[in-house]
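> Following this line is upload_21.txt, made up of compact mmCIF, C-alpha atoms:
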```txt
# COMPACT_ATOMS: atom_id res chain seq x y z
CA MET A 134 0.00 0.00 0.00
CA GLN A 135 1.26 3.45 -0.91
CA ALA A 136 0.27 6.13 1.60
CA ILE A 137 0.70 9.84 0.79
CA ASP A 138 -0.20 12.55 3.29
CA ALA A 139 0.21 16.03 1.79
CA SER A 140 -1.46 17.82 4.70
CA HIS A 141 0.61 19.97 7.03
CA ASP A 142 0.19 22.59 9.76
CA ILE A 143 -3.52 21.88 10.20
CA ASN A 144 -4.68 23.71 13.32
CA GLN A 145 -6.54 21.39 15.67
CA GLN A 146 -7.30 23.85 18.47
CA GLU A 147 -8.54 27.45 18.40
CA ASP A 148 -8.64 30.03 21.17
CA ARG A 149 -12.09 31.60 21.49
CA ALA A 150 -13.33 34.45 23.69
CA CYS A 151 -16.17 33.77 26.13
CA THR A 152 -17.76 35.16 29.28
CA ASN A 153 -17.88 33.30 32.56
CA VAL A 154 -21.17 33.88 34.42
CA TYR A 155 -21.35 32.98 38.14
CA ALA A 156 -24.26 32.25 40.48
CA ASP A 157 -23.63 35.46 42.42
CA GLY A 158 -24.20 37.49 39.23
CA SER A 159 -20.57 38.33 38.58
CA ARG A 160 -19.01 37.93 35.15
CA THR A 161 -15.49 37.73 33.80
CA SER A 162 -14.14 37.86 30.27
CA THR A 163 -11.80 35.06 29.32
CA SER A 164 -10.86 32.73 26.50
CA THR A 165 -10.67 28.99 26.11
CA LEU A 166 -9.18 26.45 23.75
CA LEU A 167 -11.71 24.62 21.57
CA GLN A 168 -11.30 21.58 19.33
CA THR A 169 -11.53 22.41 15.64
CA GLU A 170 -13.84 20.41 13.37
CA ASN A 171 -12.48 19.17 10.08
CA ALA A 172 -14.81 18.08 7.26
CA VAL A 173 -13.35 15.29 5.12
CA ARG A 174 -14.74 13.76 1.95
CA VAL A 175 -13.56 10.22 1.23
CA PHE A 176 -13.50 8.99 -2.37
CA VAL A 177 -13.09 5.25 -2.92
CA ASN A 178 -12.08 4.31 -6.48
CA GLY A 179 -13.43 7.68 -7.59
CA GLU A 180 -16.79 7.36 -5.79
CA LEU A 181 -17.68 9.77 -2.97
CA THR A 182 -18.32 7.21 -0.25
CA MET A 183 -18.02 8.91 3.14
CA ARG A 184 -18.19 12.30 4.78
CA LEU A 185 -16.38 12.56 8.10
CA MET A 186 -16.34 15.30 10.72
CA CYS A 187 -13.17 14.74 12.68
CA SER A 188 -9.97 16.06 14.16
CA ALA A 189 -7.41 16.59 11.42
CA ASP A 190 -4.76 14.11 12.55
CA HIS A 191 -4.15 10.45 11.62
CA LEU A 192 -6.49 10.79 8.64
CA ILE A 193 -4.96 7.86 6.79
CA GLU A 194 -5.40 5.68 9.86
CA LEU A 195 -8.93 7.02 10.40
CA VAL A 196 -10.03 6.10 6.88
CA LEU A 197 -8.31 2.71 6.93
CA GLY A 198 -9.82 1.90 10.32
CA ARG A 199 -13.28 3.04 9.30
CA MET A 200 -13.15 0.99 6.12
CA ARG A 201 -12.19 -2.03 8.23
CA THR A 202 -14.88 -1.49 10.85
CA GLU A 203 -17.52 -0.73 8.18
CA ASP A 204 -16.74 -4.00 6.36
CA MET A 205 -15.13 -2.44 3.28
CA ILE A 206 -11.66 -3.97 3.65
CA SER A 207 -10.07 -6.72 5.72
CA SER A 208 -6.45 -5.57 5.50
CA VAL A 209 -4.21 -2.93 3.95
CA ASP A 210 -3.25 -5.51 1.32
CA GLU A 211 -6.52 -4.65 -0.42
CA VAL A 212 -5.51 -0.98 -0.72
CA ASP A 213 -3.34 0.10 -3.62
CA GLN A 214 -3.01 3.76 -2.64
CA ILE A 215 -4.41 6.23 -0.11
CA MET A 216 -3.79 9.96 -0.32
CA VAL A 217 -4.66 12.96 1.88
CA CYS A 218 -4.81 16.40 0.22
CA GLU A 219 -2.83 19.36 1.54
CA HIS A 220 -5.83 20.88 3.31
CA ALA A 221 -6.82 17.59 4.98
CA THR A 222 -10.32 17.87 3.51
CA ARG A 223 -10.19 15.08 0.92
CA VAL A 224 -8.93 11.50 1.05
CA LEU A 225 -8.58 9.38 -2.08
CA VAL A 226 -8.55 5.60 -1.70
CA TYR A 227 -7.83 3.18 -4.52
CA LEU A 228 -8.67 -0.45 -3.87
CA LYS A 229 -7.10 -3.31 -5.76
CA ASP A 230 -9.31 -5.31 -8.13
CA ARG A 231 -12.55 -3.83 -6.78
CA GLU A 232 -15.43 -2.26 -8.63
CA ALA A 233 -18.29 -0.27 -7.15
CA ASN A 234 -21.52 -2.16 -6.60
CA VAL A 235 -23.97 0.33 -8.13
CA ASN A 236 -26.88 -1.55 -6.54
CA HIS A 237 -25.72 -0.02 -3.24
CA GLU A 238 -25.41 3.50 -4.60
CA HIS A 239 -27.95 5.34 -2.46
CA VAL A 240 -27.42 4.24 1.12
CA ASP A 241 -27.06 6.98 3.70
CA THR A 242 -26.39 5.85 7.26
CA VAL A 243 -25.37 7.91 10.25
CA ALA A 244 -23.78 6.28 13.27
CA THR A 245 -24.75 7.13 16.85
CA CYS A 246 -21.71 9.34 17.10
CA CYS A 247 -21.24 12.92 18.23
CA THR A 248 -20.27 14.15 14.75
CA PHE A 249 -22.00 14.26 11.38
CA ASN A 250 -20.25 11.18 10.01
CA SER A 251 -22.13 9.49 7.21
CA ASN A 252 -21.71 6.71 4.69
CA LEU A 253 -23.12 7.96 1.41
CA ASN A 254 -23.33 4.53 -0.17
CA SER A 255 -22.43 0.89 0.40
CA MET A 256 -20.79 0.34 -2.97
CA PHE A 257 -17.67 -1.18 -1.44
CA VAL A 258 -19.20 -2.95 1.56
CA LYS A 259 -18.56 -6.69 1.47
CA ASP A 260 -21.78 -7.67 3.27
CA GLU A 261 -19.95 -10.33 5.27
CA GLU A 262 -21.78 -11.71 8.30
CA LEU A 263 -20.43 -10.99 11.76
CA VAL A 264 -18.81 -14.05 13.32
CA PRO A 265 -18.12 -14.85 17.00
CA LEU A 266 -14.77 -13.79 18.38
CA GLU A 267 -12.07 -15.94 19.96
CA PRO A 268 -11.82 -14.59 23.54
CA ILE A 269 -8.38 -13.88 24.99
CA PRO A 270 -7.29 -14.33 28.64
CA TRP A 271 -7.20 -11.22 30.82
CA THR A 272 -6.66 -10.37 34.47
CA VAL A 273 -8.32 -8.00 36.89
CA GLU A 274 -4.98 -6.27 37.47
CA GLN A 275 -4.57 -5.74 33.72
CA VAL A 276 -7.85 -3.82 33.59
CA PHE A 277 -6.88 -1.69 36.60
CA VAL A 278 -3.46 -0.93 35.07
CA LEU A 279 -5.06 0.23 31.82
CA SER A 280 -7.68 2.22 33.74
CA ARG A 281 -5.00 4.03 35.74
CA LYS A 282 -3.10 4.85 32.56
CA PHE A 283 -6.31 6.11 30.97
CA GLU A 284 -6.97 8.41 33.91
CA GLU A 285 -3.60 10.08 33.33
CA ASP A 286 -5.43 11.79 30.44
CA THR A 287 -4.42 12.67 26.87
CA PRO A 288 -3.16 15.97 25.41
CA ALA A 289 -6.23 17.18 23.47
CA HIS A 290 -8.69 16.25 26.21
CA ARG A 291 -6.50 17.83 28.87
CA ALA A 292 -6.33 21.08 26.87
CA THR A 293 -9.95 21.37 25.74
CA TYR A 294 -12.12 18.71 27.43
CA GLY A 295 -13.56 18.36 23.92
CA ALA A 296 -11.95 15.18 22.64
CA HIS A 297 -12.59 11.47 23.03
CA SER A 298 -9.66 9.14 23.63
CA CYS A 299 -9.04 5.56 22.58
CA TYR A 300 -6.20 3.18 23.46
CA LEU A 301 -5.25 -0.05 21.75
CA ALA A 302 -3.31 -2.38 24.04
CA GLN A 303 -1.82 -5.84 24.27
CA GLY A 304 -1.85 -7.01 27.85
CA GLU A 305 -0.87 -4.00 29.96
CA GLU A 306 1.10 -2.36 27.13
CA ILE A 307 -0.54 0.52 25.28
CA LEU A 308 0.36 0.33 21.59
CA TYR A 309 -1.53 3.37 20.29
CA CYS A 310 -3.42 6.31 21.72
CA CYS A 311 -5.61 8.44 19.45
CA GLU A 312 -7.95 11.35 20.12
CA ASP A 313 -10.79 12.83 18.12
CA LEU A 314 -14.00 14.83 18.38
CA GLY A 315 -15.93 11.60 17.97
CA ARG A 316 -15.45 8.38 19.89
CA HIS A 317 -16.07 6.37 16.71
CA ASN A 318 -13.28 8.26 14.95
CA ALA A 319 -10.82 7.71 17.81
CA PHE A 320 -11.68 4.00 17.71
CA ASP A 321 -11.15 3.82 13.95
CA LYS A 322 -7.82 5.66 14.24
CA VAL A 323 -6.26 3.10 16.59
CA VAL A 324 -7.54 0.29 14.35
CA GLY A 325 -5.97 2.01 11.35
CA CYS A 326 -2.66 2.43 13.20
CA ALA A 327 -2.60 -1.29 13.94
CA MET A 328 -3.45 -2.14 10.33
CA ARG A 329 -0.58 -0.01 8.97
CA ASP A 330 1.88 -1.67 11.36
CA GLY A 331 0.61 -5.21 10.84
CA VAL A 332 -0.47 -5.68 14.47
CA ASP A 333 -2.61 -8.75 15.15
CA LEU A 334 -5.91 -7.25 16.35
CA THR A 335 -7.13 -10.64 17.56
CA GLN A 336 -4.72 -10.28 20.51
CA CYS A 337 -5.64 -6.69 21.36
CA VAL A 338 -7.82 -4.80 23.79
CA VAL A 339 -9.48 -1.49 22.95
CA PHE A 340 -10.17 1.06 25.71
CA THR A 341 -12.49 3.96 24.87
CA SER A 342 -13.62 7.04 26.75
CA GLY A 343 -17.07 7.04 25.15
CA ARG A 344 -20.34 5.26 25.82
CA VAL A 345 -20.82 1.97 24.01
CA PRO A 346 -23.86 1.64 21.72
CA THR A 347 -24.23 -1.34 19.41
CA ASP A 348 -22.34 0.23 16.50
CA MET A 349 -19.22 0.51 18.68
CA VAL A 350 -19.49 -3.19 19.51
CA ALA A 351 -19.99 -3.97 15.82
CA LYS A 352 -16.75 -2.12 15.06
CA ALA A 353 -14.84 -4.30 17.53
CA ILE A 354 -16.39 -7.49 16.14
CA ARG A 355 -15.64 -6.57 12.51
CA ALA A 356 -12.05 -5.70 13.43
CA HIS A 357 -11.77 -9.03 15.33
CA ILE A 358 -10.85 -7.25 18.56
CA PRO A 359 -11.93 -9.65 21.33
CA MET A 360 -12.03 -7.29 24.31
CA LEU A 361 -13.62 -3.85 24.69
CA ILE A 362 -13.22 -1.67 27.78
CA SER A 363 -14.94 1.67 28.29
CA LYS A 364 -14.79 4.38 30.90
CA ALA A 365 -18.48 4.94 30.16
CA VAL A 366 -21.57 2.72 29.95
CA PRO A 367 -23.14 0.26 27.49
CA THR A 368 -26.76 -0.17 26.45
CA ASP A 369 -28.96 -3.22 26.92
CA LEU A 370 -28.60 -4.21 23.25
CA THR A 371 -24.84 -3.71 23.49
CA VAL A 372 -24.62 -6.35 26.21
CA GLU A 373 -26.83 -8.74 24.24
CA MET A 374 -24.63 -8.29 21.17
CA ALA A 375 -21.43 -8.82 23.18
CA CYS A 376 -22.85 -12.06 24.59
CA ALA A 377 -23.92 -13.27 21.14
CA TYR A 378 -20.45 -12.76 19.66
CA ASP A 379 -18.25 -13.66 22.65
CA LEU A 380 -16.89 -10.14 23.08
CA THR A 381 -15.40 -9.50 26.51
CA LEU A 382 -17.15 -6.29 27.58
CA ILE A 383 -16.04 -4.22 30.57
CA CYS A 384 -17.50 -0.77 31.25
CA SER A 385 -17.47 1.95 33.92
CA ALA A 386 -13.75 1.19 34.14
CA HIS A 387 -11.88 3.34 36.65
CA SER A 388 -8.81 2.96 38.82
CA ASP A 389 -10.88 1.73 41.78
CA SER A 390 -13.61 -0.37 40.14
CA PHE A 391 -15.09 -1.69 36.90
CA ARG A 392 -18.16 -3.59 35.75
CA VAL A 393 -17.98 -6.82 33.78
CA PHE A 394 -20.95 -7.22 31.43
CA ASN A 395 -19.73 -10.20 29.43
CA ASP A 396 -16.94 -12.59 30.37
CA PRO A 397 -16.81 -15.52 27.90
CA LEU A 398 -13.86 -17.17 29.64
CA GLY A 399 -15.30 -16.81 33.15
CA ILE A 400 -12.24 -14.90 34.40
CA VAL A 401 -14.14 -13.10 37.17
CA SER A 402 -15.81 -16.32 38.35
CA ALA A 403 -12.44 -18.09 38.38
CA ASP A 404 -10.91 -15.29 40.47
CA ARG A 405 -13.65 -15.68 43.09
CA SER A 406 -12.97 -19.36 43.65
```
For the structure just supplied, provide its representation as structure tokens.

Amino acid sequence: MQAIDASHDINQQEDRACTNVYADGSRTSTSTLLQTENAVRVFVNGELTMRLMCSADHLIELVLGRMRTEDMISSVDEVDQIMVCEHATRVLVYLKDREANVNHEHVDTVATCCTFNSNLNSMFVKDEELVPLEPIPWTVEQVFVLSRKFEEDTPAHRATYGAHSCYLAQGEEILYCCEDLGRHNAFDKVVGCAMRDGVDLTQCVVFTSGRVPTDMVAKAIRAHIPMLISKAVPTDLTVEMACAYDLTLICSAHSDSFRVFNDPLGIVSADRS
């Protein structure tokens, strides 16, 4: 795969004036750093396929990861070339030996994310069925170690409180940390980083700052990531989906406690005995 990133010096934070208003009626003028929003159009083999609202870093990884978690590609070996324009507003992807399925031309789906991400068509979606995962062993201490590291915070969130964070880890070792306006984007970025480096996702754990609806679980299952940890909470359907596909699901993960919603290997039960 040939990857070309022509973007440079893209500002990801802007200082904006505001007024603090207090309960006692007093006011002060100040300024604060805000995350910038970057609109990206993604063309796959010449077809406008996605529009993404995101932070303007790791765009190659974001697009690769999203194509993986949206069932468009299985590996970077399917990609001939990916290019980011100088303004970081357009990404061109050329797939090997793939033609657009015009029967899927008009499909517009929007994920339950906090940005206006949308798939404009499903021309390059493979329509492969989700399959159960192969669970990996884990320990209680491993989850607490990762939770403590997560609580140390990340640069964009620390500066603006306007970014989601996502870690990809093996055991207690964090391999990648990515931030973005949207939790889905941050997730896709770490997946894309692993894909570029040839990391085996079937041995990885993903740790996200955001809540976990079913589309986040679907991303993990499509990427063959067997364990998902979140600082936030799941939904009822999320837990059902995790159980159906043997995804280890841990939420409300903090340095002093966490909640296990699905444990295919019975690790927690084994620890009690």
> For each of A:Phe320, A:Phe257, A:Tyr378, A:Phe277, take the minimum atom-to-atom distance to A:Gly304, counting all atoms listed in the file, then give the residue where this is smallest.
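Comparing A:Phe320, A:Phe257, A:Tyr378, A:Phe277 against A:Gly304, the winner is A:Phe277.
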> Excluding same-chain residues fewer than 4 positions from A:Pro359, what lies within 9 Å of it counting all atoms listed in the file, as a ChimeraX atom specification?
/A:266-269,334-339,353-354,379-382
> Quick one: pull the distance between atom CA of A:Arg199 and atom CA of A:Asp321, Å, one decimal.
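Value for the atom CA of A:Arg199-atom CA of A:Asp321 distance: 5.2 Å.
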> Quote the spacing between atom CA of A:Asn254 and atom CA of A:Tyr227 in Å to one decimal place.
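These atoms are spaced 16.2 Å apart.
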> Would you mind telling me which residue in A:Arg316, A:Lys364, A:Lys229, A:Arg355 lies nearest to A:Val177 when using only C-alpha atoms?
A:Lys229
> Let me make sure I understand: among A:Ser255, A:Gln135, A:Thr371, A:Ser390, which one has the smallest atom-to-atom distance to A:Ile215 if we use all atoms listed in the file?
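For A:Ile215, the nearest of the candidates is A:Gln135.
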> Residues within 9 Å of (-11.4, 3.8, 26.0), file coordinates, counting all atoms listed in the file: what are they? Give the list as a list in words.
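Looking at atoms near the point gives Ser280, Phe283, His297, Ser298, Cys299, Tyr300, Leu301, Arg316, Phe320, Val339, Phe340, Thr341, Ser342, Gly343, Leu361, Ile362, Ser363, Lys364, Ala365 and Ala386 of chain A.
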> Using only C-alpha atoms, determine which residues lie at most 7 Å from A:Glu147, disregarding the query and same-chain residues fewer than 2 positions distant; provide the list as a list in words.
Gln145, Arg149, Leu166, Leu167, Gln168 and Thr169 of chain A
> List as a list in words the residues having at least one atom at most 10 Å from position (-21.6, -8.2, 0.2) as given in the file, counting only C-alpha atoms.
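Every residue inside that radius is included here: Asp204, Met205, Asn234, His237, Ser255, Met256, Phe257, Val258, Lys259, Asp260, Glu261 and Glu262 of chain A.
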> Between A:Val196, A:Val217, A:Ala136, A:Ile400, single out the one closest to A:Glu274, counting all atoms listed in the file.
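Result for the nearest residue to A:Glu274: A:Ile400.
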> Might you pull out every residue within 12 Å of A:Ser402, with all atoms listed in the file counted and same-chain residues fewer than 5 positions away left off, and present them as a list in words?
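With the cut-off at 12 Å, the set is Thr272, Val273, Val393, Asn395, Asp396 and Pro397 of chain A.
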> Could you check the closest approach to A:His357 for each of A:Val372, A:Ser208, A:Gln275, A:Leu253 and tell me which residue wins, using only C-alpha atoms?
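Selected residue with least distance to A:His357: A:Ser208.
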> Could you add all heavy atoms to stretch 184-195 of chain A and give me the result as an mmCIF file, in the coordinates of the input?

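Wrote it out as result_13.cif, contents follow:
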```cif
data_model
loop_
_atom_site.group_PDB
_atom_site.id
_atom_site.type_symbol
_atom_site.label_atom_id
_atom_site.label_comp_id
_atom_site.auth_asym_id
_atom_site.auth_seq_id
_atom_site.Cartn_x
_atom_site.Cartn_y
_atom_site.Cartn_z
ATOM 1 N N ARG A 184 -18.501 10.969 4.267
ATOM 2 C CA ARG A 184 -18.190 12.300 4.780
ATOM 3 C C ARG A 184 -17.917 12.162 6.264
ATOM 4 O O ARG A 184 -18.729 11.590 6.989
ATOM 5 C CB ARG A 184 -19.336 13.286 4.543
ATOM 6 C CG ARG A 184 -19.520 13.707 3.090
ATOM 7 C CD ARG A 184 -20.412 14.940 2.990
ATOM 8 N NE ARG A 184 -20.588 15.342 1.596
ATOM 9 C CZ ARG A 184 -21.642 15.050 0.864
ATOM 10 N NH1 ARG A 184 -22.618 14.320 1.382
ATOM 11 N NH2 ARG A 184 -21.747 15.465 -0.380
ATOM 12 N N LEU A 185 -16.782 12.689 6.703
ATOM 13 C CA LEU A 185 -16.380 12.560 8.100
ATOM 14 C C LEU A 185 -16.165 13.929 8.720
ATOM 15 O O LEU A 185 -15.547 14.800 8.095
ATOM 16 C CB LEU A 185 -15.084 11.741 8.214
ATOM 17 C CG LEU A 185 -15.072 10.353 7.565
ATOM 18 C CD1 LEU A 185 -13.690 9.731 7.700
ATOM 19 C CD2 LEU A 185 -16.129 9.456 8.196
ATOM 20 N N MET A 186 -16.673 14.129 9.914
ATOM 21 C CA MET A 186 -16.340 15.300 10.720
ATOM 22 C C MET A 186 -15.406 14.809 11.815
ATOM 23 O O MET A 186 -15.783 13.954 12.620
ATOM 24 C CB MET A 186 -17.596 15.923 11.323
ATOM 25 C CG MET A 186 -18.538 16.521 10.293
ATOM 26 S SD MET A 186 -17.791 17.851 9.305
ATOM 27 C CE MET A 186 -17.390 19.060 10.577
ATOM 28 N N CYS A 187 -14.194 15.350 11.831
ATOM 29 C CA CYS A 187 -13.170 14.740 12.680
ATOM 30 C C CYS A 187 -12.108 15.751 13.055
ATOM 31 O O CYS A 187 -12.101 16.889 12.587
ATOM 32 C CB CYS A 187 -12.530 13.568 11.931
ATOM 33 S SG CYS A 187 -11.753 14.054 10.362
ATOM 34 N N SER A 188 -11.200 15.318 13.903
ATOM 35 C CA SER A 188 -9.970 16.060 14.160
ATOM 36 C C SER A 188 -8.993 15.721 13.047
ATOM 37 O O SER A 188 -8.940 14.590 12.570
ATOM 38 C CB SER A 188 -9.396 15.670 15.523
ATOM 39 O OG SER A 188 -10.339 15.906 16.556
ATOM 40 N N ALA A 189 -8.197 16.717 12.647
ATOM 41 C CA ALA A 189 -7.410 16.590 11.420
ATOM 42 C C ALA A 189 -6.044 15.935 11.637
ATOM 43 O O ALA A 189 -5.032 16.375 11.087
ATOM 44 C CB ALA A 189 -7.223 17.956 10.781
ATOM 45 N N ASP A 190 -5.992 14.862 12.409
ATOM 46 C CA ASP A 190 -4.760 14.110 12.550
ATOM 47 C C ASP A 190 -5.042 12.641 12.267
ATOM 48 O O ASP A 190 -6.183 12.191 12.361
ATOM 49 C CB ASP A 190 -4.179 14.265 13.961
ATOM 50 C CG ASP A 190 -5.068 13.626 15.018
ATOM 51 O OD1 ASP A 190 -6.144 14.184 15.301
ATOM 52 O OD2 ASP A 190 -4.701 12.563 15.544
ATOM 53 N N HIS A 191 -4.015 11.889 11.902
ATOM 54 C CA HIS A 191 -4.150 10.450 11.620
ATOM 55 C C HIS A 191 -5.291 10.165 10.636
ATOM 56 O O HIS A 191 -6.072 9.232 10.830
ATOM 57 C CB HIS A 191 -4.392 9.668 12.920
ATOM 58 C CG HIS A 191 -3.225 9.641 13.856
ATOM 59 N ND1 HIS A 191 -3.045 10.594 14.820
ATOM 60 C CD2 HIS A 191 -2.189 8.772 13.963
ATOM 61 C CE1 HIS A 191 -1.947 10.311 15.508
ATOM 62 N NE2 HIS A 191 -1.402 9.212 15.003
ATOM 63 N N LEU A 192 -5.379 10.975 9.583
ATOM 64 C CA LEU A 192 -6.490 10.790 8.640
ATOM 65 C C LEU A 192 -6.355 9.499 7.846
ATOM 66 O O LEU A 192 -7.360 8.845 7.539
ATOM 67 C CB LEU A 192 -6.589 11.992 7.703
ATOM 68 C CG LEU A 192 -7.057 13.303 8.338
ATOM 69 C CD1 LEU A 192 -7.239 14.371 7.273
ATOM 70 C CD2 LEU A 192 -8.338 13.112 9.126
ATOM 71 N N ILE A 193 -5.147 9.128 7.500
ATOM 72 C CA ILE A 193 -4.960 7.860 6.790
ATOM 73 C C ILE A 193 -5.421 6.704 7.673
ATOM 74 O O ILE A 193 -6.161 5.816 7.235
ATOM 75 C CB ILE A 193 -3.491 7.680 6.366
ATOM 76 C CG1 ILE A 193 -3.171 8.632 5.199
ATOM 77 C CG2 ILE A 193 -3.197 6.224 5.967
ATOM 78 C CD1 ILE A 193 -1.723 8.613 4.754
ATOM 79 N N GLU A 194 -5.006 6.742 8.936
ATOM 80 C CA GLU A 194 -5.400 5.680 9.860
ATOM 81 C C GLU A 194 -6.919 5.709 10.110
ATOM 82 O O GLU A 194 -7.554 4.649 10.223
ATOM 83 C CB GLU A 194 -4.656 5.831 11.185
ATOM 84 C CG GLU A 194 -3.178 5.524 11.106
ATOM 85 C CD GLU A 194 -2.333 6.658 10.538
ATOM 86 O OE1 GLU A 194 -2.882 7.751 10.267
ATOM 87 O OE2 GLU A 194 -1.122 6.458 10.356
ATOM 88 N N LEU A 195 -7.490 6.908 10.199
ATOM 89 C CA LEU A 195 -8.930 7.020 10.400
ATOM 90 C C LEU A 195 -9.698 6.357 9.265
ATOM 91 O O LEU A 195 -10.637 5.575 9.504
ATOM 92 C CB LEU A 195 -9.327 8.496 10.504
ATOM 93 C CG LEU A 195 -10.829 8.817 10.452
ATOM 94 C CD1 LEU A 195 -11.578 8.133 11.589
ATOM 95 C CD2 LEU A 195 -11.055 10.320 10.483
#
```
